[in-house]
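Asks: Before we start, here is the structure in question, set down as structure tokens.
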Amino acid sequence: MKTLALLRHAKSDWSDARARDFDRPLNARGVRGAQAMGEYIKNTCLRFDRIIASPAVRVAETIEEACKAWGHTFPVEWDRRIYLASSATLIDLLRELSGEPESVLMIGHNPGLEDLIFDLVPDDGNSPLREEVEVKFPTATFAVMELAIERWADLDERCGKLISLMRPRDLDPDLGPTLND
């Protein structure tokens with residue numbers, strides 16, 4: 001059994017229309033969301049053998065703010081393939097993990113992270129949390145899956161069970177959607 005946690009980057013700033021997508025920073029609500037999620041993850045007492053992340057600015061800032069709330073920094077493996085990746089690319093990346101970590105935290109973007117959940121967790125009516133993801137997987141959402149595999153190379157569709165899902169608005173209603181979201 002392996003554990004895969006996913007964290008979508010926090011809310012980013014769209015105010016500079018000239019900025020490249022890759023370079024967009026967090027906005028004020030994103031900073032608060034990343035900190036709230038960092039505090040939540042700390043309180044779950046989950047530990048990760050590996051943390052892999054997209055190098056996009058909004059992901060790096062999400063990690064920085066979450067770590068402030070967590071009260072600890074962690075080594076992060078930056079992988080450009082995570083940036084705007086499809087689920088298939090993310091599965092390939094996970095299959096390539098060396099050292100057989102028991103638990104991995106991947107931090108990145110939608111729609112890839114959301115689609116990864118859809119691909120790994122069966123759509124058999126037995127997962128109310130998967131149904132929540134079908135409604136929306138907003139920024140700074142944290143999901144945890146148990147994977148029925150012994151080695152990452154064995155990762156395949158429908159091998160997962162979504163055991164936890166936390167959205168920023170679940171922690172603080174002010175972090176929920178606004179009219180312009």
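Chain identifiers are assigned as A, B, and so on, following the order in which chains appear in the structure tokens; residues are numbered from 1 within each chain, and ligands are numbered from 1 in order of appearance.
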Find the spatial neighbours of A:Ser103, counting only C-alpha atoms, within a cut-off of 6 Å - ignore same-chain residues fewer than 2 positions away - and output them as a ChimeraX atom specification.

Replies: /A:2-4,48-49,101

Asks: Extract the full set of strand (DSSP E or B) residues from chain A according to DSSP on the backbone, and format it as a PyMOL selection string.

Replies: chain A and resi 2-8+12+26+50-53+77-78+103-108+142-147+160-166

Asks: List the spatial neighbours of stretch 164-177 of chain A as a PyMOL selection string - criterion: any atom at most 10 Å away, only C-alpha atoms, same-chain residues fewer than 3 positions off excluded.

Replies: chain A and resi 5-8+10-11+29-30+32-37+39-41+129-130+132-133+136-146+161+180-181

Asks: Let me see the file: selected residues, N, CA, C and O atoms, as a short mmCIF file (atom, residue, chain, number, x, y, z; two decimals), in the first residue's frame.

Replies:
data_model
loop_
_atom_site.label_atom_id
_atom_site.label_comp_id
_atom_site.auth_asym_id
_atom_site.auth_seq_id
_atom_site.Cartn_x
_atom_site.Cartn_y
_atom_site.Cartn_z
N ALA A 5 -0.60 11.97 -1.75
CA ALA A 5 -1.33 13.18 -1.41
C ALA A 5 -1.13 14.19 -2.53
O ALA A 5 -0.06 14.27 -3.13
N LEU A 6 -2.18 14.93 -2.81
CA LEU A 6 -2.14 15.95 -3.85
C LEU A 6 -2.52 17.29 -3.24
O LEU A 6 -3.48 17.38 -2.46
N LEU A 7 -1.77 18.32 -3.58
CA LEU A 7 -2.09 19.68 -3.16
C LEU A 7 -2.09 20.56 -4.40
O LEU A 7 -1.07 20.66 -5.10
N ARG A 8 -3.24 21.15 -4.67
CA ARG A 8 -3.31 22.10 -5.79
C ARG A 8 -2.79 23.44 -5.29
O ARG A 8 -3.03 23.84 -4.15
N ALA A 10 -2.33 27.34 -4.46
CA ALA A 10 -3.33 28.28 -3.95
C ALA A 10 -3.70 29.31 -5.02
O ALA A 10 -3.11 29.35 -6.10
N LYS A 11 -4.67 30.15 -4.69
CA LYS A 11 -5.23 31.13 -5.63
C LYS A 11 -4.14 32.08 -6.12
O LYS A 11 -3.42 32.69 -5.34
N ARG A 29 -5.64 36.22 -1.08
CA ARG A 29 -6.47 35.08 -0.66
C ARG A 29 -5.69 33.77 -0.82
O ARG A 29 -5.83 32.85 -0.01
N GLY A 30 -4.86 33.68 -1.84
CA GLY A 30 -4.04 32.50 -2.04
C GLY A 30 -3.03 32.31 -0.91
O GLY A 30 -2.81 31.19 -0.46
N ARG A 32 -3.40 33.30 2.18
CA ARG A 32 -4.18 32.83 3.34
C ARG A 32 -4.59 31.37 3.17
O ARG A 32 -4.55 30.59 4.12
N GLY A 33 -4.99 30.99 1.94
CA GLY A 33 -5.38 29.60 1.69
C GLY A 33 -4.22 28.63 1.86
O GLY A 33 -4.38 27.56 2.44
N ALA A 34 -3.05 29.01 1.36
CA ALA A 34 -1.86 28.16 1.49
C ALA A 34 -1.47 27.99 2.96
O ALA A 34 -1.12 26.90 3.40
N GLN A 35 -1.56 29.08 3.72
CA GLN A 35 -1.24 28.99 5.14
C GLN A 35 -2.25 28.12 5.89
O GLN A 35 -1.86 27.30 6.73
N ALA A 36 -3.53 28.28 5.57
CA ALA A 36 -4.56 27.47 6.22
C ALA A 36 -4.34 25.98 5.91
O ALA A 36 -4.46 25.12 6.79
N MET A 37 -4.00 25.70 4.66
CA MET A 37 -3.79 24.30 4.28
C MET A 37 -2.51 23.76 4.92
O MET A 37 -2.48 22.60 5.34
N GLU A 39 -1.32 24.59 7.84
CA GLU A 39 -1.70 24.32 9.23
C GLU A 39 -2.51 23.02 9.31
O GLU A 39 -2.28 22.18 10.19
N TYR A 40 -3.45 22.86 8.38
CA TYR A 40 -4.26 21.64 8.36
C TYR A 40 -3.39 20.40 8.15
O TYR A 40 -3.54 19.40 8.87
N ILE A 41 -2.50 20.44 7.17
CA ILE A 41 -1.66 19.28 6.89
C ILE A 41 -0.78 18.96 8.10
O ILE A 41 -0.61 17.79 8.46
N LEU A 129 -16.25 11.19 -1.56
CA LEU A 129 -15.22 12.21 -1.74
C LEU A 129 -14.90 12.40 -3.22
O LEU A 129 -14.67 13.53 -3.67
N ARG A 130 -14.89 11.33 -4.00
CA ARG A 130 -14.67 11.45 -5.44
C ARG A 130 -15.79 12.29 -6.05
O ARG A 130 -15.55 13.12 -6.93
N GLU A 132 -17.33 14.66 -4.59
CA GLU A 132 -17.01 16.06 -4.24
C GLU A 132 -16.01 16.64 -5.24
O GLU A 132 -16.13 17.79 -5.65
N VAL A 133 -15.02 15.84 -5.61
CA VAL A 133 -14.02 16.30 -6.58
C VAL A 133 -14.70 16.56 -7.93
O VAL A 133 -14.33 17.50 -8.63
N LYS A 136 -16.02 20.12 -7.79
CA LYS A 136 -14.94 21.10 -7.96
C LYS A 136 -13.74 20.70 -7.12
O LYS A 136 -13.89 20.20 -6.01
N PHE A 137 -12.56 20.93 -7.67
CA PHE A 137 -11.29 20.72 -6.96
C PHE A 137 -10.60 22.09 -6.95
O PHE A 137 -9.72 22.37 -7.76
N PRO A 138 -11.03 22.96 -6.03
CA PRO A 138 -10.55 24.35 -6.07
C PRO A 138 -9.08 24.50 -5.67
O PRO A 138 -8.44 23.56 -5.20
N THR A 139 -8.58 25.69 -5.87
CA THR A 139 -7.19 25.99 -5.50
C THR A 139 -6.98 25.69 -4.02
O THR A 139 -7.87 25.83 -3.20
N ALA A 140 -5.76 25.26 -3.70
CA ALA A 140 -5.29 24.92 -2.36
C ALA A 140 -6.03 23.73 -1.74
O ALA A 140 -5.96 23.51 -0.54
N THR A 141 -6.69 22.92 -2.56
CA THR A 141 -7.34 21.72 -2.04
C THR A 141 -6.29 20.62 -1.84
O THR A 141 -5.36 20.48 -2.62
N PHE A 142 -6.49 19.86 -0.76
CA PHE A 142 -5.57 18.80 -0.37
C PHE A 142 -6.34 17.48 -0.36
O PHE A 142 -7.38 17.37 0.29
N ALA A 143 -5.85 16.50 -1.10
CA ALA A 143 -6.50 15.19 -1.18
C ALA A 143 -5.47 14.10 -0.86
O ALA A 143 -4.30 14.23 -1.21
N VAL A 144 -5.94 13.04 -0.21
CA VAL A 144 -5.07 11.92 0.13
C VAL A 144 -5.71 10.63 -0.39
O VAL A 144 -6.89 10.37 -0.13
N MET A 145 -4.90 9.84 -1.10
CA MET A 145 -5.35 8.56 -1.61
C MET A 145 -4.46 7.43 -1.08
O MET A 145 -3.26 7.60 -0.95
N GLU A 146 -5.10 6.30 -0.81
CA GLU A 146 -4.37 5.07 -0.58
C GLU A 146 -4.36 4.31 -1.89
O GLU A 146 -5.41 4.18 -2.54
N LYS A 161 -8.01 4.68 -3.48
CA LYS A 161 -9.17 5.00 -2.64
C LYS A 161 -8.92 6.39 -2.06
O LYS A 161 -7.89 6.62 -1.41
N ASN A 180 -16.48 36.59 -8.49
CA ASN A 180 -15.60 36.67 -9.67
C ASN A 180 -14.73 35.42 -9.85
O ASN A 180 -13.84 35.42 -10.66
N ASP A 181 -14.97 34.35 -9.10
CA ASP A 181 -14.19 33.11 -9.26
C ASP A 181 -14.71 32.29 -10.41
O ASP A 181 -15.82 32.16 -10.70
#

Asks: Please run DSSP on the backbone and report, as a count of residues only, all residues within stretch 16-89 of chain A that come out as alpha helix (DSSP H).

Replies: 34

Asks: Any idea what's packed within 12 Å of stretch 78-85 of chain A, counting only C-alpha atoms, ignoring anything in its chain fewer than 6 positions away? Could you give it as a ChimeraX atom specification?

Replies: /A:6,8-9,21-23,50-60,63,91-94,97,105-116

Asks: How many Å lie between atom CA of A:Cys159 and atom CA of A:Ser87, rounded to one decimal?

Replies: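 Interatomic distance, atom CA of A:Cys159 to atom CA of A:Ser87: 14.2 Å.
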